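Down below is the structure, laid out as structure tokens.
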Amino acid sequence: MATEVAQIPAEETPAVAAAATTENAAAEQAEKPAAEPVAVAAAVAENAAANNAQDNNKEDAKASPAAAAAAADGAADAKKDGGEAAAAAPAKSEAPAQKFNVHKTNFEKDIIYLYQFSRTPLLPSLSPYCLKVETWLRLVGLKYENVDHKMRFRSKKGQLPFIELNGEEIADSAIIIKELSAKYEKNLDAALTAEQRNVSYATIAMLENHLIWIIFYWRAKYPDNVLKGYKVNLQHALGLRLPNSILNFFFKITFGRKGTKKLKAHGIGVHSAEEIEEFGKNDLKVLSEMLDCKPFFFGDEPTTLDVVAFAVLSQLHYLSKDIAYPLRDYMTEKCPNLIGHVSRMKDKCFPDWDEICTKLDLNAHIPKPEPETKEGKEGGEQEKSNEQEGTEGDKIEKELEKDKSNEKESTEENKEKEETKLRLELDGSRHGAAGATAAPRIMSNQLFFLSLADIFSVYPAIFKERSEQLRKTKHIYLPSDEQWQDKMYYMLLEIQRQVNEASDVNISLKDIDKRDKPVFDPERITKIISPGVSPNGRRSRVLKYCHATTVRIRLKASARWNLPTIANAAKLLRKPPLPVNFQNEHEMRLAYSLIYDVFRYKTVLCNALSDVGFFELEENQKYIKDEQRIWLMLFELYDRHFRNQLAEVLWRHRIRLAASISRMRIGVGALRLSQLLPIHLQNEKVAIAAANPVVTGWINPFLVRSKAEADKILMEMGYTVHGPDDEQPLLEQHCKWDNICPLVISVIPKDRSEFTKSVLMTKHLFIMQDKNFSYGPAIMSKLMDYFQLYGDILQTHIDSPRSTAYLAALFYSVNRVNNFYVYGAGANLKDYRRYMESIGVNNIRLFGDAFTSFPMESNRFRTVVGVFATPPNSFSAISDPIDLICSRGGDLSMLEVLTESEVSDEGKQRVGCILEEQLLTLTMSMSRPQIQFVLYQTHSIVNTENEDMVQHVLQVINKLALEKHRQAYREVKRLEAIAEAEAANIPAAAMSKESPRKKEKLSAEDKRKSQPGEPGEPAVPVVQLPRVDSIDLICTPDIDEFVLDTVPDICINQDNCIKHQTTGSFLSLIRRKSLTHLNEKYLISMAERRGLFGKPDRDKSKSKAVKLQEINEQPPPDATYDNSSATSRAAGQQAVSIILASTVKLRYGVTDKDELQLIIV
């Protein structure tokens, strides 16, 4: 677009700030060709020098800055000689430019070379136009390479970005996309209708010619905030050696001056700051309404409009939160769907976003070449040091000294290597006898301390650090907030209108959205007494004692893996991995079980290979890239006791490898190889799970409609079916329904491999799932009945898609649940949706957005009453990690995390992110007024993730609630003080309507007018609140306070048998001390409080703490159901007199028409 030439400061002023270059003049030559001839001449001369340098070899290229400086000096001389000399300079420099039309002369065919701005720590590009082009290239999948030109080059139009393709330059982001779309047939808008294309074109014009300039206005007005808000390092961005302080100084000077000129030329700069801010908010509102609840603007797939919107909105969203920017805050608070859109586009187009912003790598998407050799690195360091020396004599002297030291170190190192190699060979021949070398002793000591180490010991310190960082950023909304109660009142009023309009006169509020759901097993009834009925919520006696369905498992002493399993594992461990078509899930589990053990023993395997110097041999160096598959072959060789030959490359070293592993075991005193591992990896749980004959899973009620139908299918397959209360032991070809988890059944087939090929598995009638992932969903499905609530349920994260599908299957028969929402699918959203469709799950709504990404003011969760909080965790308590890996589609990265033997710096960072996500998940779940209970689940043995996490968040939330009520009390006291001062000095008639005293008087007059029959009745006095010194007496109302509750016993016999089982789950139930039921009673009580039944009686319906909270000012209500205007209130009161007639008649038993009208009015 033509406006790209005038892109502000982010695109032009860094070069000016450097003071050593004149790119700004070149960028402005299209606008002012005659006004600044000297600057134009200097810029063209510099470009010509750069072109010439790239045509020559690398040594000549180093002289290009000097050539540019010389050209700039020549242009300065031309200024003294007059206009003719200035005009001659470009004429001389244009001749070589015609010879070379592009900057990248050694280009590869069909590779797109993109010229844009340098990276920043928060955003890949500060220019929305550059980010637009790169996003489009990534989205359509074209090969491209960013040219690291340190922002020295511009296109022939004076713009950035521009590309070079096969020796041709293409400038302007819109033209780039247009040309590439036509050349490679990559039109993102091909599926759009003509009307949609018109809408897209108009919206893109609004974004690029209006909203972008509003953002540029803020940047030009606050140049210092640009550097701080995006953490820009000009020294790195420009590739200069000048101190950042000097560069920043010049940047701030030129940024505002040139930016203001361009803004006024555009037209946006003539308006006031308030008007421009209002323009921006209107643009964001339009975009938000266009997007609505769709993942992208025109459906499920992104188009060009999504690319442009992402490039522009990212400039707002990724600005540092430490910098105040009203437009960014407005988008966060009022347009949360735009935040979700940015996150979706980021995950889709920039999976390496963190690497880009951390390393500031322009080409993070391109695989990196092999690292330089030691000699090459030394040569580079030597070359770098030479450049920093003062005189030539000093350089030579230091080079000689360095060469001598390097030669001496190299000689000593080679000698040491030869001695170590000789000792290793001697030790190998002696089978680890008395001649053990120092290297194995070091390895044994390392493994000894590693075997005693607890990698979870770092969790408390990291948790303390992260919790302190998040302490200042918490916000909370309470059920006692009057504004929230008004919202719920109007929402229930609308639902009641639908009730009264329904043909069925007996329908109630809770039945309006309820659908009759089929019952899978009518005979299975778990009678759990709600805490609303019984103080304990428990049964008084045990009906029957349960019996476990476990069997004795013996691990095989022989080799556990066959050749197909090893081949599949080798394909998966290849870099990049090869596709594997598993015949059934049993084959998949075997392959990943083998990889799990390989990763588990990787420290021992690496030490053994290093001990024998395997990779130091010249013929084995080609296997360095394939190290994981070498681990696989070595582990398999050890599993076969070094007897059978599979890998020739290891077979030659079998004796020395066996001796090395034996020495490590002897050095530590390990009777088994697993004793060389850390404590958390010593358990053979994967081998036990693989050898377990019991197959556990759940019957899919979406395809098998009843328990009787499931029993029939099982019996036709030759199984004997036992009920959940059957005491007989589980035998081969027998199956048993679980006594705790509904739908779950345990089976012992003759052959697990054949069972996975049966109709039950292939047609998804039976979903294989470890019981560790079943307890949490089973309990969650009972909590709506337990608390007698109606509404929607939300799950915060998907740790296992099968577990989420199981919860959806349980809700299949729960009438109290209207909708089931699941967040956090991320980049796997399509795969998870496809999986849910394949197994027939139709009562779940999956979202890729993170639960914690939505602001507290979002309307997205207004009907959610219960939250199933399942944040990421260490998964250290699960008994079958392979079930988790297979349910996630074969996640090797998760497998590597589960088998870490020690916590590296990267691991600590990941642990910090996990703990932070747990904190945010619990905090944001408990900070929303509509949430009545939270079931928190982890699969961890670490107290930091379990009890400590829950107790910390519970304490913080309750403290914030109490502080909010105290703040409301202080506000009341402040208003009282103002009223007393006015009463002492100003007559009431002279007061403004906003005065507290005037409001009091007007309110009293209105009450007297509304009761003409009792003219002598005095006005209701203001409640006398305690003085300031009694603020400690303020307490949190029960509806605002959270408490820990005992997880209900959902076993059919209710004998607390779950406490005696290894569930692999930590479950904590958090609920409000007093639950808020949004039903007819709530609607009537709110109507009474609002005075629709006569004189309002607030003293009976609310405690003082709640009354204080009502006076507190709250954020503006959501636009979705804000009917608090005067017109809406009048209409609402008129509607209530009609709508509530049936409800009041039913509730109070009033039959007389006049009496009924009296109660309503």
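Ordering of the structure tokens sets the chain letters (A, B, ...); residue numbers start at 1 within each chain; ligands are numbered from 1 in the order shown.
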
Review point. Contacts of Pro855 of chain A at 12 Å or less, counting only C-alpha atoms, minus same-chain residues fewer than 4 places along, as a ChimeraX atom specification?
Key: /A:329-340,473-477,850-851,859-861,920,924-925,927-928,1118

Practice item. Excluding segment 298-300 of chain A and any residue of its chain fewer than 3 positions from it, enumerate the residues within 12 Å of it, using only C-alpha atoms, and give them as a ChimeraX atom specification. Key: /A:188-193,195-197,199-200,290-295,303-306,341,344-345,829-830,847-848

Practice item. Excluding segment 106-117 of chain A and any residue of its chain fewer than 5 positions from it, enumerate the residues within 7 Å of it, using only C-alpha atoms, and give them as a PyMOL selection string. Key: chain A and resi 125+130+143-147+151+160-166

Quick one: write out the picked residues with N, CA and C atoms as a PDB file, in the first residue's frame?
ATOM      1  N   SER A 125       8.059  -8.642  14.877  1.00  0.00           N
ATOM      2  CA  SER A 125       8.315  -7.424  14.107  1.00  0.00           C
ATOM      3  C   SER A 125       7.462  -6.292  14.657  1.00  0.00           C
ATOM      4  N   CYS A 130       5.316  -5.847   7.960  1.00  0.00           N
ATOM      5  CA  CYS A 130       6.302  -6.935   7.896  1.00  0.00           C
ATOM      6  C   CYS A 130       5.749  -8.209   8.521  1.00  0.00           C
ATOM      7  N   LYS A 143       8.477 -21.437   1.039  1.00  0.00           N
ATOM      8  CA  LYS A 143       9.835 -21.380   1.566  1.00  0.00           C
ATOM      9  C   LYS A 143      10.344 -19.944   1.480  1.00  0.00           C
ATOM     10  N   TYR A 144      10.842 -19.442   2.595  1.00  0.00           N
ATOM     11  CA  TYR A 144      11.364 -18.083   2.621  1.00  0.00           C
ATOM     12  C   TYR A 144      12.521 -18.002   3.606  1.00  0.00           C
ATOM     13  N   GLU A 145      13.274 -16.942   3.446  1.00  0.00           N
ATOM     14  CA  GLU A 145      14.416 -16.700   4.331  1.00  0.00           C
ATOM     15  C   GLU A 145      14.490 -15.217   4.632  1.00  0.00           C
ATOM     16  N   ASN A 146      14.600 -14.884   5.903  1.00  0.00           N
ATOM     17  CA  ASN A 146      14.782 -13.488   6.293  1.00  0.00           C
ATOM     18  C   ASN A 146      16.240 -13.078   6.099  1.00  0.00           C
ATOM     19  N   VAL A 147      16.434 -11.940   5.500  1.00  0.00           N
ATOM     20  CA  VAL A 147      17.788 -11.413   5.282  1.00  0.00           C
ATOM     21  C   VAL A 147      18.130 -10.477   6.440  1.00  0.00           C
ATOM     22  N   MET A 151      18.410  -3.538   8.928  1.00  0.00           N
ATOM     23  CA  MET A 151      17.549  -2.424   8.515  1.00  0.00           C
ATOM     24  C   MET A 151      18.287  -1.381   7.681  1.00  0.00           C
ATOM     25  N   LEU A 160       9.745  -0.936   3.527  1.00  0.00           N
ATOM     26  CA  LEU A 160       9.892  -2.245   4.149  1.00  0.00           C
ATOM     27  C   LEU A 160       8.489  -2.683   4.535  1.00  0.00           C
ATOM     28  N   PRO A 161       8.138  -3.932   4.278  1.00  0.00           N
ATOM     29  CA  PRO A 161       8.987  -5.014   3.774  1.00  0.00           C
ATOM     30  C   PRO A 161       9.034  -5.030   2.240  1.00  0.00           C
ATOM     31  N   PHE A 162      10.005  -5.777   1.739  1.00  0.00           N
ATOM     32  CA  PHE A 162      10.021  -6.143   0.337  1.00  0.00           C
ATOM     33  C   PHE A 162      10.696  -7.499   0.227  1.00  0.00           C
ATOM     34  N   ILE A 163      10.477  -8.165  -0.905  1.00  0.00           N
ATOM     35  CA  ILE A 163      11.052  -9.492  -1.101  1.00  0.00           C
ATOM     36  C   ILE A 163      11.848  -9.503  -2.395  1.00  0.00           C
ATOM     37  N   GLU A 164      12.737 -10.496  -2.480  1.00  0.00           N
ATOM     38  CA  GLU A 164      13.474 -10.765  -3.707  1.00  0.00           C
ATOM     39  C   GLU A 164      13.246 -12.222  -4.075  1.00  0.00           C
ATOM     40  N   LEU A 165      12.796 -12.448  -5.298  1.00  0.00           N
ATOM     41  CA  LEU A 165      12.476 -13.799  -5.760  1.00  0.00           C
ATOM     42  C   LEU A 165      13.044 -13.986  -7.156  1.00  0.00           C
ATOM     43  N   ASN A 166      14.013 -14.903  -7.236  1.00  0.00           N
ATOM     44  CA  ASN A 166      14.636 -15.226  -8.531  1.00  0.00           C
ATOM     45  C   ASN A 166      15.168 -13.983  -9.238  1.00  0.00           C
TER      46      ASN A 166
END

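Pairwise distance (atom CA of Leu327 of chain A, atom CA of Leu247 of chain A) equals 28.0 Å.
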